[in-house]
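The file work.cif comes next; it holds mmCIF, C-alpha atoms.
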```
data_run
loop_
_atom_site.label_atom_id
_atom_site.label_comp_id
_atom_site.auth_asym_id
_atom_site.auth_seq_id
_atom_site.Cartn_x
_atom_site.Cartn_y
_atom_site.Cartn_z
CA ALA A 1 -33.25 -21.57 14.54
CA ASP A 2 -34.33 -18.19 15.91
CA LEU A 3 -35.46 -16.86 12.53
CA PRO A 4 -39.18 -16.81 11.67
CA ARG A 5 -40.33 -19.64 9.49
CA GLU A 6 -42.49 -17.34 7.40
CA VAL A 7 -41.60 -13.87 6.18
CA THR A 8 -43.67 -11.07 4.74
CA PRO A 9 -42.79 -7.66 3.33
CA GLU A 10 -44.09 -6.06 6.54
CA ALA A 11 -41.84 -8.15 8.80
CA GLU A 12 -38.39 -7.00 9.90
CA PRO A 13 -35.78 -8.75 7.73
CA PRO A 14 -33.41 -11.18 9.40
CA LEU A 15 -29.85 -9.87 9.73
CA ALA A 16 -28.52 -12.74 7.67
CA GLY A 17 -28.99 -16.41 7.07
CA GLY A 18 -30.90 -18.80 4.85
CA LEU A 19 -34.17 -16.85 4.96
CA MET A 20 -32.55 -13.58 3.92
CA ALA A 21 -32.96 -14.40 0.23
CA ASP A 22 -36.59 -15.46 0.78
CA TRP A 23 -37.32 -12.13 2.46
CA VAL A 24 -35.61 -10.15 -0.31
CA LEU A 25 -37.83 -11.82 -2.92
CA THR A 26 -40.93 -10.45 -1.19
CA VAL A 27 -39.71 -6.83 -1.18
CA ASP A 28 -39.94 -4.30 -3.99
CA PRO A 29 -37.41 -1.54 -3.18
CA ALA A 30 -39.31 0.87 -5.41
CA THR A 31 -42.26 0.80 -2.96
CA LEU A 32 -40.11 1.82 0.02
CA THR A 33 -39.33 5.31 1.24
CA GLY A 34 -35.81 6.71 0.96
CA ASP A 35 -35.08 6.05 4.63
CA GLU A 36 -36.35 2.47 4.29
CA GLN A 37 -34.21 1.90 1.20
CA LEU A 38 -31.14 3.23 3.01
CA ASN A 39 -31.86 0.99 5.99
CA LEU A 40 -32.27 -1.99 3.67
CA ILE A 41 -28.94 -1.28 1.96
CA GLY A 42 -27.27 -1.29 5.39
CA ARG A 43 -28.90 -4.58 6.33
CA PHE A 44 -27.78 -6.12 3.04
CA GLU A 45 -24.18 -5.03 3.75
CA ALA A 46 -24.31 -6.54 7.25
CA ALA A 47 -25.70 -9.76 5.79
CA LYS A 48 -22.98 -9.82 3.12
CA ARG A 49 -20.28 -9.46 5.78
CA TRP A 50 -21.84 -12.21 7.87
CA LEU A 51 -21.81 -14.45 4.80
CA GLU A 52 -18.17 -13.54 4.11
CA ALA A 53 -17.24 -14.67 7.61
CA ALA A 54 -19.26 -17.87 7.24
CA GLN A 55 -17.67 -18.64 3.87
CA LEU A 56 -14.15 -18.02 5.21
CA ASP A 57 -14.80 -20.29 8.20
CA THR A 58 -16.13 -23.01 5.91
CA MET A 59 -13.13 -22.70 3.58
CA ALA A 60 -10.81 -23.14 6.56
CA ALA A 61 -12.82 -26.16 7.76
CA PHE A 62 -12.73 -27.71 4.27
CA ALA A 63 -8.94 -27.25 4.13
CA ARG A 64 -8.62 -29.02 7.49
CA THR A 65 -10.83 -31.85 6.21
CA ARG A 66 -8.62 -32.27 3.17
CA LEU A 67 -5.53 -32.19 5.41
CA GLU A 68 -6.85 -35.17 7.38
CA GLY A 69 -7.18 -37.19 4.19
CA HIS A 70 -4.01 -35.92 2.53
CA PRO A 71 -1.43 -38.63 1.67
CA ALA A 72 1.37 -38.78 4.24
CA GLY A 73 4.70 -37.45 3.00
CA SER A 74 3.18 -35.77 -0.07
CA THR A 75 5.19 -32.72 -1.09
CA GLN A 76 3.94 -32.06 -4.62
CA VAL A 77 0.72 -30.32 -3.61
CA SER A 78 -0.17 -29.18 -0.09
CA ALA A 79 -3.55 -29.92 1.45
CA GLU A 80 -4.45 -26.22 1.28
CA GLU A 81 -3.54 -26.07 -2.43
CA ASP A 82 -5.64 -29.19 -3.00
CA ALA A 83 -8.58 -27.61 -1.17
CA ALA A 84 -8.14 -24.31 -3.02
CA ALA A 85 -8.22 -26.10 -6.37
CA GLU A 86 -11.49 -27.85 -5.50
CA ILE A 87 -13.13 -24.67 -4.17
CA GLY A 88 -11.89 -22.75 -7.20
CA CYS A 89 -13.62 -25.24 -9.50
CA GLU A 90 -16.79 -25.01 -7.42
CA LEU A 91 -16.86 -21.19 -7.49
CA GLY A 92 -15.35 -20.69 -10.92
CA VAL A 93 -12.53 -18.48 -9.59
CA PRO A 94 -8.72 -18.85 -9.73
CA CYS A 95 -7.38 -21.24 -7.09
CA ALA A 96 -4.65 -18.71 -6.18
CA HIS A 97 -7.39 -16.30 -5.07
CA VAL A 98 -9.02 -19.06 -3.02
CA LEU A 99 -5.70 -20.05 -1.44
CA THR A 100 -5.19 -16.44 -0.30
CA ARG A 101 -8.62 -16.46 1.33
CA ILE A 102 -7.97 -19.82 3.04
CA THR A 103 -4.70 -18.53 4.49
CA HIS A 104 -6.49 -15.39 5.65
CA ALA A 105 -9.28 -17.47 7.19
CA HIS A 106 -6.79 -19.50 9.27
CA ARG A 107 -4.99 -16.41 10.63
CA LEU A 108 -8.22 -14.50 11.22
CA GLY A 109 -9.83 -17.32 13.17
CA GLU A 110 -6.76 -18.37 15.15
CA ASP A 111 -4.85 -15.12 15.82
CA PHE A 112 -7.44 -12.32 15.51
CA PRO A 113 -10.62 -13.49 17.29
CA ALA A 114 -11.92 -9.95 17.99
CA LEU A 115 -11.42 -8.95 14.36
CA HIS A 116 -13.16 -12.15 13.29
CA GLN A 117 -16.11 -11.33 15.53
CA ALA A 118 -16.31 -7.81 14.10
CA LEU A 119 -16.64 -9.35 10.63
CA ILE A 120 -19.38 -11.72 11.80
CA GLU A 121 -21.30 -8.83 13.39
CA GLY A 122 -21.05 -6.77 10.22
CA HIS A 123 -18.81 -3.99 11.61
CA LEU A 124 -16.00 -4.76 9.15
CA ASP A 125 -15.79 -6.27 5.68
CA GLU A 126 -13.33 -8.94 4.57
CA TYR A 127 -11.22 -6.42 2.65
CA ARG A 128 -10.42 -4.37 5.75
CA THR A 129 -9.77 -7.44 7.91
CA ARG A 130 -7.26 -8.59 5.32
CA ILE A 131 -5.39 -5.26 5.45
CA VAL A 132 -5.14 -5.54 9.24
CA VAL A 133 -4.08 -9.20 9.26
CA ASP A 134 -1.59 -8.94 6.38
CA ALA A 135 0.25 -6.06 8.10
CA ALA A 136 0.98 -8.16 11.22
CA PRO A 137 4.34 -10.02 11.03
CA LEU A 138 4.10 -13.80 11.16
CA ASP A 139 6.87 -14.08 13.76
CA TRP A 140 5.07 -12.07 16.44
CA ASP A 141 4.26 -13.67 19.78
CA PRO A 142 0.56 -13.91 20.78
CA ALA A 143 0.78 -10.99 23.24
CA THR A 144 2.10 -8.57 20.59
CA THR A 145 -0.50 -9.74 18.08
CA THR A 146 -3.26 -9.19 20.66
CA ALA A 147 -1.97 -5.70 21.45
CA TYR A 148 -1.85 -4.87 17.73
CA GLN A 149 -5.40 -6.14 17.21
CA ALA A 150 -6.70 -4.01 20.09
CA ARG A 151 -4.95 -0.87 18.81
CA MET A 152 -6.28 -1.37 15.29
CA LEU A 153 -9.86 -1.93 16.41
CA ALA A 154 -9.69 1.15 18.64
CA ASP A 155 -8.17 3.51 16.06
CA MET A 156 -9.29 2.35 12.61
CA GLY A 157 -12.78 3.92 12.63
CA ASP A 158 -14.03 4.03 9.04
CA LYS A 159 -10.54 4.14 7.48
CA SER A 160 -9.95 1.93 4.48
CA GLY A 161 -7.40 1.52 1.72
CA VAL A 162 -4.23 3.59 1.99
CA LYS A 163 -5.23 5.28 5.27
CA LEU A 164 -5.84 1.93 6.96
CA LYS A 165 -2.57 0.52 5.63
CA ASN A 166 -0.67 3.55 6.94
CA LEU A 167 -2.31 3.16 10.36
CA ALA A 168 -1.36 -0.54 10.44
CA LYS A 169 2.22 0.30 9.41
CA LYS A 170 2.45 2.95 12.13
CA ILE A 171 1.22 0.62 14.89
CA VAL A 172 3.49 -2.23 13.74
CA LEU A 173 6.51 0.08 13.87
CA GLU A 174 5.54 1.41 17.28
CA LEU A 175 4.99 -2.04 18.80
CA ASP A 176 8.10 -3.66 17.35
CA PRO A 177 10.73 -1.17 16.06
CA ALA A 178 13.63 -3.60 16.53
CA GLY A 179 11.80 -6.35 14.65
CA ALA A 180 10.93 -3.86 11.89
CA GLU A 181 14.63 -3.09 11.41
CA GLU A 182 15.44 -6.81 11.18
CA ARG A 183 12.64 -7.46 8.69
CA LYS A 184 13.78 -4.45 6.67
CA ALA A 185 17.32 -5.87 6.47
CA HIS A 186 16.01 -9.27 5.35
CA THR A 187 13.79 -7.65 2.73
CA ILE A 188 16.55 -5.43 1.33
CA ALA A 189 18.77 -8.51 1.08
CA ASP A 190 16.30 -9.81 -1.54
CA ARG A 191 16.29 -6.58 -3.60
CA ALA A 192 16.17 -7.11 -7.34
CA VAL A 193 15.26 -5.65 -10.71
CA ARG A 194 12.23 -7.38 -12.18
CA LEU A 195 11.24 -7.56 -15.84
CA ARG A 196 7.61 -8.24 -16.78
CA HIS A 197 6.52 -8.50 -20.38
CA GLY A 198 3.17 -7.02 -21.35
CA GLU A 199 0.22 -9.20 -22.24
CA ALA A 200 -0.19 -9.75 -25.97
CA ALA A 201 -3.89 -8.83 -25.96
CA THR A 202 -3.82 -5.71 -23.81
CA GLU A 203 -0.18 -4.52 -23.63
CA PRO A 204 1.42 -5.59 -26.93
CA GLY A 205 5.05 -4.71 -27.49
CA THR A 206 5.58 -3.34 -23.99
CA ALA A 207 7.27 -4.42 -20.79
CA SER A 208 7.78 -3.16 -17.24
CA VAL A 209 11.00 -2.90 -15.27
CA SER A 210 10.77 -2.40 -11.52
CA ILE A 211 13.31 -2.08 -8.73
CA THR A 212 12.00 -4.03 -5.77
CA ASP A 213 12.72 -3.96 -2.05
CA ILE A 214 15.18 -1.06 -1.85
CA ASP A 215 15.58 1.37 1.05
CA THR A 216 12.74 3.88 1.40
CA THR A 217 15.11 6.84 1.32
CA ASP A 218 16.69 5.65 -1.94
CA ALA A 219 13.26 5.10 -3.51
CA LEU A 220 12.13 8.59 -2.51
CA ALA A 221 15.36 10.09 -3.82
CA ILE A 222 14.88 8.37 -7.21
CA HIS A 223 11.30 9.59 -7.47
CA GLN A 224 12.23 13.15 -6.45
CA ARG A 225 15.02 13.31 -9.04
CA LEU A 226 12.85 11.96 -11.85
CA SER A 227 10.08 14.41 -10.92
CA ALA A 228 12.42 17.41 -10.89
CA ILE A 229 13.81 16.65 -14.35
CA ALA A 230 10.36 15.81 -15.73
CA ARG A 231 8.86 19.08 -14.48
CA ALA A 232 11.67 21.02 -16.06
CA LEU A 233 11.07 19.34 -19.41
CA GLN A 234 7.28 19.48 -19.20
CA ALA A 235 7.08 23.20 -19.96
CA ASP A 236 8.88 22.69 -23.25
CA ALA A 237 7.31 19.42 -24.38
CA PRO A 238 6.78 20.46 -28.06
CA GLY A 239 10.52 21.13 -28.45
CA THR A 240 11.82 18.19 -26.49
CA GLN A 241 13.15 15.52 -28.82
CA ASP A 242 13.40 11.80 -28.14
CA MET A 243 11.69 12.10 -24.76
CA THR A 244 8.25 13.32 -25.84
CA GLY A 245 7.47 11.40 -29.00
CA GLY A 246 6.07 14.52 -30.65
CA ASP A 247 3.22 15.02 -28.18
CA THR A 248 2.17 18.62 -27.65
CA ARG A 249 1.65 18.07 -23.96
CA GLN A 250 3.27 15.49 -21.74
CA SER A 251 1.87 14.16 -18.49
CA LEU A 252 4.30 14.16 -15.59
CA ASP A 253 3.96 10.39 -15.16
CA ARG A 254 4.94 9.73 -18.76
CA LEU A 255 7.81 12.19 -18.61
CA ARG A 256 9.09 10.54 -15.44
CA ALA A 257 9.14 7.20 -17.26
CA ASP A 258 10.93 8.75 -20.25
CA VAL A 259 13.50 10.40 -18.00
CA ALA A 260 14.16 7.11 -16.18
CA VAL A 261 14.73 5.29 -19.48
CA SER A 262 17.02 8.07 -20.74
CA LEU A 263 19.08 8.11 -17.54
CA LEU A 264 19.58 4.33 -17.62
CA LEU A 265 20.30 4.07 -21.36
CA GLY A 266 22.38 7.25 -21.72
CA ARG A 267 20.10 8.95 -24.25
CA LEU A 268 20.68 12.69 -24.07
CA PRO A 269 17.42 14.60 -24.59
CA SER A 270 17.61 18.04 -26.17
CA THR A 271 15.48 21.14 -25.73
CA THR A 272 14.97 24.30 -27.77
CA GLY A 273 14.85 26.84 -25.01
CA THR A 274 13.34 25.88 -21.70
CA GLU A 275 15.34 27.24 -18.79
CA ILE A 276 15.97 24.06 -16.85
CA PRO A 277 17.13 24.74 -13.28
CA PRO A 278 20.92 24.37 -12.96
CA GLU A 279 20.56 21.83 -10.16
CA VAL A 280 18.70 19.52 -12.54
CA ALA A 281 20.58 20.00 -15.81
CA GLU A 282 23.62 21.70 -17.29
CA TYR A 283 23.94 22.94 -20.87
CA ASP A 284 26.39 22.03 -23.59
CA ASP A 285 26.90 25.21 -25.66
CA ALA A 286 28.51 23.20 -28.45
CA ALA A 287 25.09 21.95 -29.52
CA GLY A 288 24.68 24.86 -31.95
CA ALA A 289 22.87 28.14 -32.23
CA GLY A 290 19.20 28.08 -31.38
CA GLU A 291 19.44 24.74 -29.65
CA ARG A 292 21.23 23.64 -26.50
CA GLN A 293 21.96 20.11 -25.49
CA VAL A 294 20.67 19.20 -22.01
CA VAL A 295 23.23 17.27 -20.00
CA ILE A 296 21.56 15.67 -17.01
CA PRO A 297 24.06 15.09 -14.20
CA GLY A 298 24.76 11.40 -13.87
CA LEU A 299 24.22 10.46 -17.52
CA ALA A 300 27.85 10.76 -18.52
CA ALA A 301 29.34 10.08 -15.09
CA PRO A 302 29.56 6.35 -14.26
CA ALA A 303 30.68 7.07 -10.69
CA PRO A 304 27.82 6.76 -8.15
CA VAL A 305 26.40 10.06 -6.92
CA PRO A 306 25.99 10.43 -3.11
CA PHE A 307 22.38 10.27 -1.99
CA SER A 308 20.54 13.55 -1.72
CA PRO A 309 16.91 14.04 -2.76
CA VAL A 310 16.28 16.69 -5.39
CA GLY A 311 13.15 18.79 -5.20
CA LYS A 312 10.89 19.51 -2.25
CA LEU A 313 11.07 17.11 0.66
CA HIS A 314 8.96 17.35 3.81
CA VAL A 315 9.67 15.16 6.81
CA ILE A 316 7.91 15.30 10.17
CA ILE A 317 10.35 14.36 12.94
CA PRO A 318 9.47 13.86 16.62
CA LEU A 319 11.70 15.97 18.86
CA ALA A 320 12.79 12.88 20.80
CA ALA A 321 13.99 11.19 17.58
CA LEU A 322 16.52 13.91 16.77
CA PRO A 323 20.16 13.09 17.58
CA ALA A 324 21.58 14.52 20.80
CA GLU A 325 23.61 17.18 18.98
CA MET A 326 20.33 18.57 17.62
CA GLY A 327 18.61 18.64 20.99
CA GLY A 328 16.90 15.26 20.83
CA GLN A 329 17.34 11.92 22.54
CA GLY A 330 17.99 9.66 19.54
CA SER A 331 14.85 7.67 20.41
CA ARG A 332 12.92 5.33 18.13
CA ALA A 333 9.89 7.64 17.89
CA LEU A 334 8.47 7.35 14.37
CA GLY A 335 8.87 10.06 11.75
CA GLU A 336 6.50 10.63 8.86
CA ILE A 337 6.71 11.63 5.21
CA PRO A 338 3.36 13.08 4.07
CA GLY A 339 2.05 11.00 1.19
CA HIS A 340 4.26 8.05 2.11
CA GLY A 341 3.31 7.44 5.71
CA PRO A 342 5.28 6.63 8.88
CA ILE A 343 9.00 5.90 8.71
CA LEU A 344 11.46 4.52 11.23
CA ALA A 345 13.36 7.04 13.33
CA GLU A 346 16.69 5.99 11.82
CA ALA A 347 15.40 6.74 8.32
CA ALA A 348 14.19 10.17 9.46
CA ARG A 349 17.58 10.94 10.99
CA GLU A 350 19.32 9.71 7.82
CA LEU A 351 17.25 12.06 5.70
CA ALA A 352 18.01 14.95 8.04
CA LYS A 353 21.76 14.30 7.87
CA GLU A 354 22.18 13.50 4.18
CA ALA A 355 19.74 15.81 2.40
CA THR A 356 22.33 18.55 2.02
CA ASP A 357 22.29 19.07 -1.75
CA LYS A 358 21.76 22.70 -2.73
CA ALA A 359 19.01 21.51 -5.08
CA THR A 360 16.95 20.17 -2.20
CA ARG A 361 14.05 22.28 -1.00
CA TRP A 362 14.17 20.95 2.53
CA CYS A 363 11.09 21.35 4.71
CA TYR A 364 10.93 19.91 8.20
CA THR A 365 8.52 19.95 11.10
CA VAL A 366 9.55 18.92 14.61
CA VAL A 367 6.67 17.81 16.85
CA ASP A 368 6.40 17.03 20.56
CA GLU A 369 4.87 13.92 22.14
CA GLU A 370 1.35 15.24 21.53
CA GLY A 371 2.05 15.86 17.84
CA THR A 372 2.12 19.64 18.27
CA PRO A 373 4.69 21.41 16.02
CA VAL A 374 7.48 22.99 18.10
CA ALA A 375 9.83 23.95 15.27
CA GLU A 376 9.74 24.15 11.51
CA GLY A 377 11.68 25.60 8.66
#
```
Now, as a test, write the supplied structure out as structure tokens.
Amino acid sequence: ADLPREVTPEAEPPLAGGLMADWVLTVDPATLTGDEQLNLIGRFEAAKRWLEAAQLDTMAAFARTRLEGHPAGSTQVSAEEDAAAEIGCELGVPCAHVLTRITHAHRLGEDFPALHQALIEGHLDEYRTRIVVDAAPLDWDPATTTAYQARMLADMGDKSGVKLKNLAKKIVLELDPAGAEERKAHTIADRAVRLRHGEAATEPGTASVSITDIDTTDALAIHQRLSAIARALQADAPGTQDMTGGDTRQSLDRLRADVAVSLLLGRLPSTTGTEIPPEVAEYDDAAGAGERQVVIPGLAAPAPVPFSPVGKLHVIIPLAALPAEMGGQGSRALGEIPGHGPILAEAARELAKEATDKATRWCYTVVDEEGTPVAEG
């Protein structure tokens, strides 16, 4: 109602709303100066975010409308699924995508009012609000959710993607360390190995195997071990049989995958001369002159090997989180693994105690309450 009824190229564009498109049609960006074009791009982004908020609110309202008319006792399809299917047909997008947005709209409007307002005002886009909302546990009480929202809005700045997810993870762990341990235990209880077959059109004859929901320290140890063996083999790719497929140069990612398959299936790769570090591989001299068989520890030994990461490992540990015998207080102050993000104090202490393998290049930094390093080695 406050927007002008007529617009001209000389008039200031409305922030958003029905007349935005009418105003855009009267403007030729090529006639504007660089500063004017940049300003216009910013106004378009603010308008887009306002429209995202309006669309989310309308999706949530439509789902509530469908809920009112949903048959009582129906369990086949929920009201939200029904609404998502209708909106998906209207927009020409998968209903699963719409259902995700409807769920986000409900949580954003009901539990994160300040975040919702930031989206309306154009300070945030829907993508970043989703990162913030999805990181908050569903079982939190309103006070904890409010405290989390305030911390995120105060600290997020222009962070997005991985940096924003790491910030959200850090704040969640700080606000609710006990709950994080409980959720971790529930998640690990559902650990599994998943098999996904490749699509016929784009990934013919391939499949993916993933280990899901295992302890962070175990996952890091697996990755470190695969990387160490892969790097050792990478220098001698032309002479590495079975694992390289004849390529003259192997990427580390591909070699890691080949090493993982070989370890699980018991295929012994061979090399023609690369000096592989003894902590990664041992040699079988019976392989013959000019060629030595690489025996990777663990291939021929069915007994489980105690956990110890191989390769370089760097963990930042707050002084207070160290156990008492190491001068700390055994507190729940968060540790951090660069590249991975924050970790629970117990995981940091576990790494410190168990990473004793001679093959481990162990690097640690102890920091005080202000984050200032007080010891390293």
(request) Report the residues retrieved by the PyMOL selection byres ((chain A and resi 215) around 12) from the displayed file, expressed as a ChimeraX atom specification. (result) /A:181,184-192,211-214,216-222,307,343-344,346-347,350-351
(request) May I have the residues within 9 Å of Arg151 (chain A) as a ChimeraX atom specification, using all atoms listed in the file and disregarding those fewer than 5 positions away in the same chain? (result) /A:146,156,171
(request) Go through the shown structure with the PyMOL selection byres ((chain A and resi 46-57) around 9) and write out the matching residues as a PyMOL selection string. (result) chain A and resi 14-17+20+41-45+58-62+101-102+104-106+109+116-117+119-126
(request) Starting from the shown file, work through the PyMOL selection byres ((chain A and resi 348) around 12) and note down what comes out as a ChimeraX atom specification. (result) /A:216-217,313-323,330-337,341-347,349-355,364-366
(message) If I take CA of Leu108 (chain A) and CA of Val133 (chain A), how far is one from the other in Å, to one decimal?
(response)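 Computed distance, CA of Leu108 (chain A) to CA of Val133 (chain A), equals 7.0 Å.
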(request) Choose the residue, out of A:Val374, A:Leu265, A:Asp111, A:Leu255, that has the smallest atom-to-atom separation from Pro142 (chain A); count all atoms listed in the file. (result) A:Asp111
(message) I need the residue nearest Ser227 (chain A) from this list: A:Glu203, A:Asp35, A:Asp368, A:Asp258. Use only C-alpha atoms for the distance.
(response)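 Comparing A:Glu203, A:Asp35, A:Asp368, A:Asp258 against Ser227 (chain A), the winner is A:Asp258.
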